[in-house]
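Raw contents of protein_28.csv, CSV, C-alpha atoms:
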chain,number,residue,atom,x,y,z
A,7,MET,CA,-125.2,-101.3,146.2
A,8,ASP,CA,-123.8,-100.5,142.8
A,9,GLU,CA,-126.6,-98.7,140.8
A,10,ARG,CA,-125.4,-100.3,137.6
A,11,LYS,CA,-126.0,-103.8,139.0
A,12,LEU,CA,-129.5,-102.7,140.2
A,13,CYS,CA,-130.4,-102.1,136.5
A,14,LEU,CA,-129.9,-105.8,135.7
A,15,VAL,CA,-132.4,-107.1,138.3
A,16,GLU,CA,-135.4,-109.0,137.0
A,17,PHE,CA,-138.7,-107.2,137.7
A,18,THR,CA,-140.6,-109.0,140.5
A,19,GLY,CA,-142.6,-106.0,141.6
A,20,PHE,CA,-141.8,-102.7,143.4
A,21,GLY,CA,-140.1,-103.0,146.7
A,22,GLU,CA,-142.0,-103.4,150.0
A,23,HIS,CA,-141.2,-99.9,151.2
A,24,ALA,CA,-141.7,-98.0,147.9
A,25,ILE,CA,-145.0,-96.3,148.9
A,26,ASP,CA,-143.7,-95.7,152.5
A,27,PHE,CA,-140.7,-93.9,151.0
A,28,TYR,CA,-142.9,-91.5,149.1
A,29,ASP,CA,-145.3,-91.0,152.0
A,30,GLY,CA,-142.3,-89.9,154.0
A,31,LEU,CA,-141.0,-87.7,151.2
A,32,VAL,CA,-144.3,-85.9,150.9
A,33,ALA,CA,-144.2,-85.2,154.7
A,34,ASP,CA,-140.5,-84.2,154.6
A,35,ASN,CA,-139.3,-83.1,151.2
A,36,SER,CA,-135.8,-82.3,152.3
A,37,LYS,CA,-132.2,-83.2,151.5
A,38,ALA,CA,-131.8,-84.8,154.9
A,39,TYR,CA,-134.8,-87.2,154.4
A,40,TRP,CA,-133.5,-88.0,150.8
A,41,GLU,CA,-130.0,-88.8,152.0
A,42,ASP,CA,-131.2,-90.9,154.9
A,43,ASN,CA,-133.6,-92.9,152.6
A,44,LYS,CA,-131.8,-92.9,149.3
A,45,HIS,CA,-131.0,-96.6,149.6
A,46,VAL,CA,-134.8,-97.3,149.9
A,47,TYR,CA,-135.4,-95.3,146.7
A,48,GLN,CA,-132.6,-97.1,144.8
A,49,ARG,CA,-133.7,-100.6,146.0
A,50,ASP,CA,-137.5,-100.4,146.1
A,51,VAL,CA,-138.3,-97.7,143.5
A,52,ARG,CA,-135.6,-97.0,140.9
A,53,ALA,CA,-134.2,-100.5,140.4
A,54,PRO,CA,-137.7,-102.0,139.9
A,55,MET,CA,-138.7,-99.2,137.5
A,56,GLU,CA,-135.6,-99.8,135.4
A,57,ALA,CA,-136.3,-103.5,135.4
A,58,LEU,CA,-139.9,-103.0,134.4
A,59,LEU,CA,-138.9,-100.8,131.5
A,60,ALA,CA,-136.2,-103.3,130.4
A,61,ALA,CA,-138.9,-106.1,130.4
A,62,MET,CA,-141.2,-103.9,128.3
A,63,GLU,CA,-138.5,-103.0,125.8
A,64,PRO,CA,-139.0,-105.9,123.3
A,65,ALA,CA,-142.6,-104.9,122.7
A,66,PHE,CA,-142.6,-101.2,123.2
A,67,GLY,CA,-139.1,-99.9,122.7
A,68,LYS,CA,-136.4,-98.5,125.0
A,69,GLY,CA,-137.6,-96.5,128.0
A,70,LYS,CA,-136.0,-94.1,130.4
A,71,VAL,CA,-136.6,-93.3,134.1
A,72,PHE,CA,-137.1,-89.6,134.9
A,73,ARG,CA,-134.7,-87.9,137.3
A,74,PRO,CA,-135.9,-87.7,140.9
A,75,TYR,CA,-135.0,-84.0,141.2
A,76,ARG,CA,-137.5,-81.2,140.4
A,77,ASP,CA,-136.6,-78.3,138.2
A,78,VAL,CA,-137.3,-75.4,140.5
A,79,ARG,CA,-135.9,-72.6,138.5
A,80,PHE,CA,-139.2,-71.3,137.3
A,81,SER,CA,-141.4,-72.7,140.1
A,82,LYS,CA,-142.8,-71.1,143.2
A,83,ASP,CA,-142.6,-74.5,144.8
A,84,LYS,CA,-139.0,-75.0,145.8
A,85,THR,CA,-139.3,-78.5,147.2
A,86,PRO,CA,-136.3,-80.4,145.7
A,87,TYR,CA,-137.6,-83.9,145.0
A,88,LYS,CA,-140.5,-85.3,142.9
A,89,ASP,CA,-143.1,-87.1,144.9
A,90,HIS,CA,-143.2,-90.0,142.3
A,91,CYS,CA,-141.0,-92.0,140.0
A,92,GLY,CA,-141.9,-92.0,136.3
A,93,GLY,CA,-140.8,-94.1,133.4
A,94,VAL,CA,-141.5,-93.4,129.7
A,95,VAL,CA,-141.2,-94.9,126.2
A,96,GLU,CA,-141.7,-92.1,123.7
A,97,LEU,CA,-141.2,-91.2,120.1
A,98,GLY,CA,-140.1,-87.8,121.3
A,99,ARG,CA,-141.5,-85.2,123.6
A,100,GLY,CA,-145.2,-84.6,122.7
A,101,GLY,CA,-145.1,-87.1,119.8
A,102,GLY,CA,-146.8,-90.0,121.6
A,103,ALA,CA,-145.7,-91.9,124.7
A,104,HIS,CA,-146.4,-94.8,127.0
A,105,TYR,CA,-145.9,-93.7,130.7
A,106,VAL,CA,-145.9,-95.5,134.1
A,107,GLN,CA,-145.5,-93.9,137.5
A,108,ILE,CA,-145.3,-95.0,141.1
A,109,GLY,CA,-146.0,-92.7,144.0
A,110,THR,CA,-148.3,-92.2,147.0
A,111,GLU,CA,-151.4,-92.8,144.9
A,112,GLY,CA,-150.1,-96.2,143.8
A,113,LEU,CA,-149.5,-97.2,140.2
A,114,PHE,CA,-150.4,-94.6,137.5
A,115,VAL,CA,-150.3,-95.7,133.8
A,116,ALA,CA,-151.0,-93.4,130.9
A,117,GLY,CA,-150.6,-93.0,127.2
A,118,GLY,CA,-150.9,-90.1,124.7
A,119,SER,CA,-149.3,-86.7,124.2
A,120,PHE,CA,-148.1,-85.1,127.4
A,121,ALA,CA,-146.7,-81.9,126.0
A,122,MET,CA,-147.1,-80.1,122.7
A,123,ALA,CA,-144.9,-77.4,121.1
A,124,SER,CA,-146.6,-74.8,118.9
A,125,ASP,CA,-146.1,-76.8,115.7
A,126,GLN,CA,-147.4,-80.0,117.3
A,127,LEU,CA,-150.4,-78.2,118.7
A,128,ALA,CA,-151.2,-76.9,115.3
A,129,ARG,CA,-151.0,-80.4,113.7
A,130,TYR,CA,-153.1,-81.8,116.6
A,131,ARG,CA,-155.9,-79.3,116.1
A,132,GLU,CA,-155.8,-79.7,112.3
A,133,SER,CA,-156.1,-83.5,112.7
A,134,VAL,CA,-158.9,-83.2,115.3
A,135,ALA,CA,-160.9,-80.8,113.0
A,136,ASP,CA,-160.5,-83.2,110.1
A,137,ASP,CA,-163.5,-85.5,109.8
A,138,VAL,CA,-161.5,-88.7,109.1
A,139,ARG,CA,-158.6,-88.2,111.6
A,140,GLY,CA,-160.8,-86.5,114.2
A,141,ARG,CA,-163.5,-89.2,114.1
A,142,ALA,CA,-160.8,-91.8,114.4
A,143,LEU,CA,-159.5,-90.2,117.6
A,144,GLU,CA,-163.1,-89.9,119.0
A,145,LYS,CA,-163.6,-93.7,118.4
A,146,LEU,CA,-160.2,-94.5,120.1
A,147,LEU,CA,-161.1,-92.4,123.1
A,148,ALA,CA,-164.6,-93.8,123.4
A,149,LYS,CA,-163.2,-97.3,123.4
A,150,LEU,CA,-160.7,-96.4,126.1
A,151,ASP,CA,-163.4,-94.8,128.1
A,152,ARG,CA,-165.5,-98.0,128.1
A,153,ALA,CA,-162.3,-99.8,129.3
A,154,GLY,CA,-162.1,-97.5,132.3
A,155,TRP,CA,-159.6,-95.0,131.1
A,156,GLU,CA,-159.9,-91.3,132.0
A,157,LEU,CA,-159.2,-88.6,129.4
A,158,ARG,CA,-156.9,-85.9,130.8
A,159,GLY,CA,-154.9,-82.9,129.6
A,160,ASP,CA,-154.8,-79.1,130.0
A,161,LYS,CA,-157.6,-77.4,128.1
A,162,LEU,CA,-158.5,-73.9,127.0
A,163,LYS,CA,-161.7,-72.4,128.4
A,164,ARG,CA,-162.8,-71.3,125.0
A,165,ALA,CA,-162.5,-72.5,121.5
A,166,PRO,CA,-159.0,-71.9,120.1
A,167,ARG,CA,-158.6,-69.0,117.7
A,168,GLY,CA,-159.8,-69.9,114.2
A,169,PHE,CA,-162.1,-72.7,115.2
A,170,ASP,CA,-165.9,-72.7,115.3
A,171,PRO,CA,-167.2,-72.9,118.9
A,172,GLU,CA,-169.9,-75.2,117.5
A,173,HIS,CA,-167.5,-77.7,116.0
A,174,PRO,CA,-168.6,-81.3,116.9
A,175,ARG,CA,-165.2,-82.0,118.5
A,176,ILE,CA,-164.7,-78.6,120.1
A,177,GLU,CA,-163.9,-80.1,123.5
A,178,LEU,CA,-161.0,-82.1,122.0
A,179,LEU,CA,-159.9,-79.0,120.1
A,180,LYS,CA,-159.5,-77.2,123.4
A,181,HIS,CA,-156.9,-79.6,124.6
A,182,LYS,CA,-153.3,-78.5,124.9
A,183,ARG,CA,-152.3,-82.0,126.0
A,184,VAL,CA,-154.2,-85.1,125.4
A,185,TYR,CA,-153.7,-88.4,127.2
A,186,VAL,CA,-155.6,-91.1,129.0
A,187,ALA,CA,-154.8,-92.4,132.5
A,188,LYS,CA,-155.7,-95.2,134.9
A,189,VAL,CA,-154.7,-95.5,138.6
A,190,TRP,CA,-154.4,-98.6,140.8
A,191,PRO,CA,-154.2,-97.7,144.4
A,192,PRO,CA,-151.5,-99.4,146.4
A,193,ASP,CA,-152.2,-103.2,146.6
A,194,ASP,CA,-150.4,-106.5,146.8
A,195,VAL,CA,-150.0,-106.7,143.0
A,196,LEU,CA,-147.8,-103.6,143.1
A,197,HIS,CA,-145.1,-105.6,144.9
A,198,GLU,CA,-145.5,-108.8,142.8
A,199,PRO,CA,-144.5,-109.9,139.3
A,200,GLY,CA,-148.1,-109.4,138.2
A,201,CYS,CA,-147.5,-105.7,138.2
A,202,LEU,CA,-145.6,-106.2,135.0
A,203,ASP,CA,-148.6,-107.9,133.4
A,204,ARG,CA,-150.8,-105.0,134.6
A,205,VAL,CA,-148.6,-102.4,133.0
A,206,ARG,CA,-148.1,-104.4,129.8
A,207,GLU,CA,-151.9,-104.9,129.3
A,208,ALA,CA,-152.5,-101.2,130.0
A,209,TRP,CA,-149.9,-100.1,127.5
A,210,ARG,CA,-151.3,-102.4,124.9
A,211,GLN,CA,-154.7,-100.8,125.4
A,212,VAL,CA,-153.4,-97.3,124.9
A,213,THR,CA,-151.1,-98.1,122.0
A,214,PRO,CA,-153.7,-97.1,119.4
A,215,LEU,CA,-153.8,-93.6,121.0
A,216,VAL,CA,-150.1,-93.4,121.2
A,217,ASP,CA,-149.9,-94.4,117.5
A,218,TRP,CA,-152.5,-91.7,116.6
A,219,CYS,CA,-150.3,-89.1,118.3
A,220,ALA,CA,-147.2,-90.3,116.6
A,221,ASP,CA,-148.9,-90.2,113.2
A,222,HIS,CA,-150.7,-86.9,113.5
A,223,ILE,CA,-148.8,-84.8,116.1
A,224,GLY,CA,-145.2,-86.1,115.5
A,225,LEU,CA,-142.0,-84.6,116.6
A,226,THR,CA,-141.5,-80.9,117.1
A,227,GLU,CA,-139.5,-78.8,114.7
A,228,VAL,CA,-139.5,-75.6,116.9
A,229,GLY,CA,-138.8,-76.9,120.4
A,230,PHE,CA,-140.4,-76.2,123.7
A,231,ARG,CA,-140.6,-73.0,125.6
A,232,ARG,CA,-141.3,-72.3,129.3
As structure tokens, what does this structure read like?
Amino acid sequence: MDERKLCLVEFTGFGEHAIDFYDGLVADNSKAYWEDNKHVYQRDVRAPMEALLAAMEPAFGKGKVFRPYRDVRFSKDKTPYKDHCGGVVELGRGGGAHYVQIGTEGLFVAGGSFAMASDQLARYRESVADDVRGRALEKLLAKLDRAGWELRGDKLKRAPRGFDPEHPRIELLKHKRVYVAKVWPPDDVLHEPGCLDRVREAWRQVTPLVDWCADHIGLTEVGFRR
């Protein structure tokens, strides 16, 4: 099937074999498996993800689907394919993003800052340390916690240099990435139009955090390093 035509399909849910495809890929992450099952990926995973992002575009902006291939140049893990398919709407890397992913665990939805360059991290910590901006973030995260969202993101073990270990928001200051996530295990809704409603409502809930990241972290001026 022409991949360009797949992009025009209305979202009605992820395909029947989407989770089975990733279960198989986890068991056999090889080019042979990929080539034998690529049509399932295109039909049941990629096309629905593109359709979902297209349906979300009027409210959240234009999204993109991540490539299925892993960058193995600097990794000890040389398996060639990602065990999930992710889609994102973002200001720019690190500057605030809405994210959705399908894989063996089911539907994963998240929002926040998923990577920070050095200048972004400096602005993040300055904002968290500030009483007005930092307390605003605390309130946002507390509300999301009550709604069932989990705070995630890599953290330092100790206080970052130049910050008081007794700072009231020291745990937030330790973050190198800051986002919230929610997971729905595989269920019937994943394969139905209601999956779109699930993602839309989740993205609405995380939008205040995404906006906080856009306002106080912003785009990088120095770029990212490995």
Find the residues near Ser119 of chain A: any atom within 9 Å, counting only C-alpha atoms, skip ones fewer than 6 places away on the same chain, and give them as a CSV table (one decimal) with C-alpha atoms, keeping the file's coordinate frame.
chain,number,residue,atom,x,y,z
A,99,ARG,CA,-141.5,-85.2,123.6
A,100,GLY,CA,-145.2,-84.6,122.7
A,101,GLY,CA,-145.1,-87.1,119.8
A,102,GLY,CA,-146.8,-90.0,121.6
A,103,ALA,CA,-145.7,-91.9,124.7
A,159,GLY,CA,-154.9,-82.9,129.6
A,183,ARG,CA,-152.3,-82.0,126.0
A,184,VAL,CA,-154.2,-85.1,125.4
A,185,TYR,CA,-153.7,-88.4,127.2
A,215,LEU,CA,-153.8,-93.6,121.0
A,216,VAL,CA,-150.1,-93.4,121.2
A,219,CYS,CA,-150.3,-89.1,118.3
A,220,ALA,CA,-147.2,-90.3,116.6
A,223,ILE,CA,-148.8,-84.8,116.1
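Between atom CA of Ala57 of chain A and atom CA of Phe17 of chain A the interatomic distance comes to 5.0 Å.
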message: At a cut-off of 8 Å, using all atoms listed in the file, what residues contact Thr110 of chain A? Leave out same-chain residues fewer than 4 positions from it and give the result as a PyMOL selection string.
response: chain A and resi 25-26+28-29+89-90+192
- line: Restricting to all atoms listed in the file, whichever of A:Lys188, A:His222, A:Arg210, A:Arg52 is closest to Glu111 of chain A is A:Lys188
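Checking A:Lys182, A:His23, A:Lys68, A:Arg206 one by one against Met122 of chain A, counting only C-alpha atoms, you find the shortest gap at A:Lys182.
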statement: Judged by only C-alpha atoms, the minimum distance to Phe120 of chain A among A:His173, A:Met62, A:Ala187, A:Asp151 is found for A:Ala187
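Among the candidate residues A:Phe20, A:Ala116, A:Leu31, A:Gly69, the one lying nearest to Gln48 of chain A is A:Phe20, with distances computed using only C-alpha atoms.
Of the residues listed (A:Tyr75, A:Leu127, A:Met55, A:Asp203), A:Met55 shows the shortest atom-to-atom separation from Gly92 of chain A; distances use only C-alpha atoms.
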- prompt: Quick one: residues within 12 Å of Leu178 of chain A, only C-alpha atoms counted, chain neighbours fewer than 4 positions away excluded, as a ChimeraX atom specification?
  reply: /A:127,130-136,140-141,143-144,147,157-166,169,171,173-174,182-185
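Atom CA of Phe27 of chain A lies 7.0 Å from atom CA of Tyr47 of chain A.
You will find atom CA of Gly117 of chain A at 7.1 Å from atom CA of Trp209 of chain A.
Nearest to Thr85 of chain A of all the residues A:Lys44, A:Arg73, A:His104, A:Lys37 is A:Lys37, counting all atoms listed in the file.
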- prompt: Glu56 of chain A: which residues within 12 Å, counting only C-alpha atoms, same-chain residues fewer than 6 positions away excluded, as a PyMOL selection string?
  reply: chain A and resi 9-20+48-50+62-63+68-72+91-95+106-107+202
Listed atoms of segment 155-168 of chain A, axis-aligned box, 6 Å per side: centre and edge lengths to one decimal in Å, as AutoDock Vina command-line options?
--center_x -158.8 --center_y -82.0 --center_z 123.1 --size_x 20.0 --size_y 38.0 --size_z 29.8
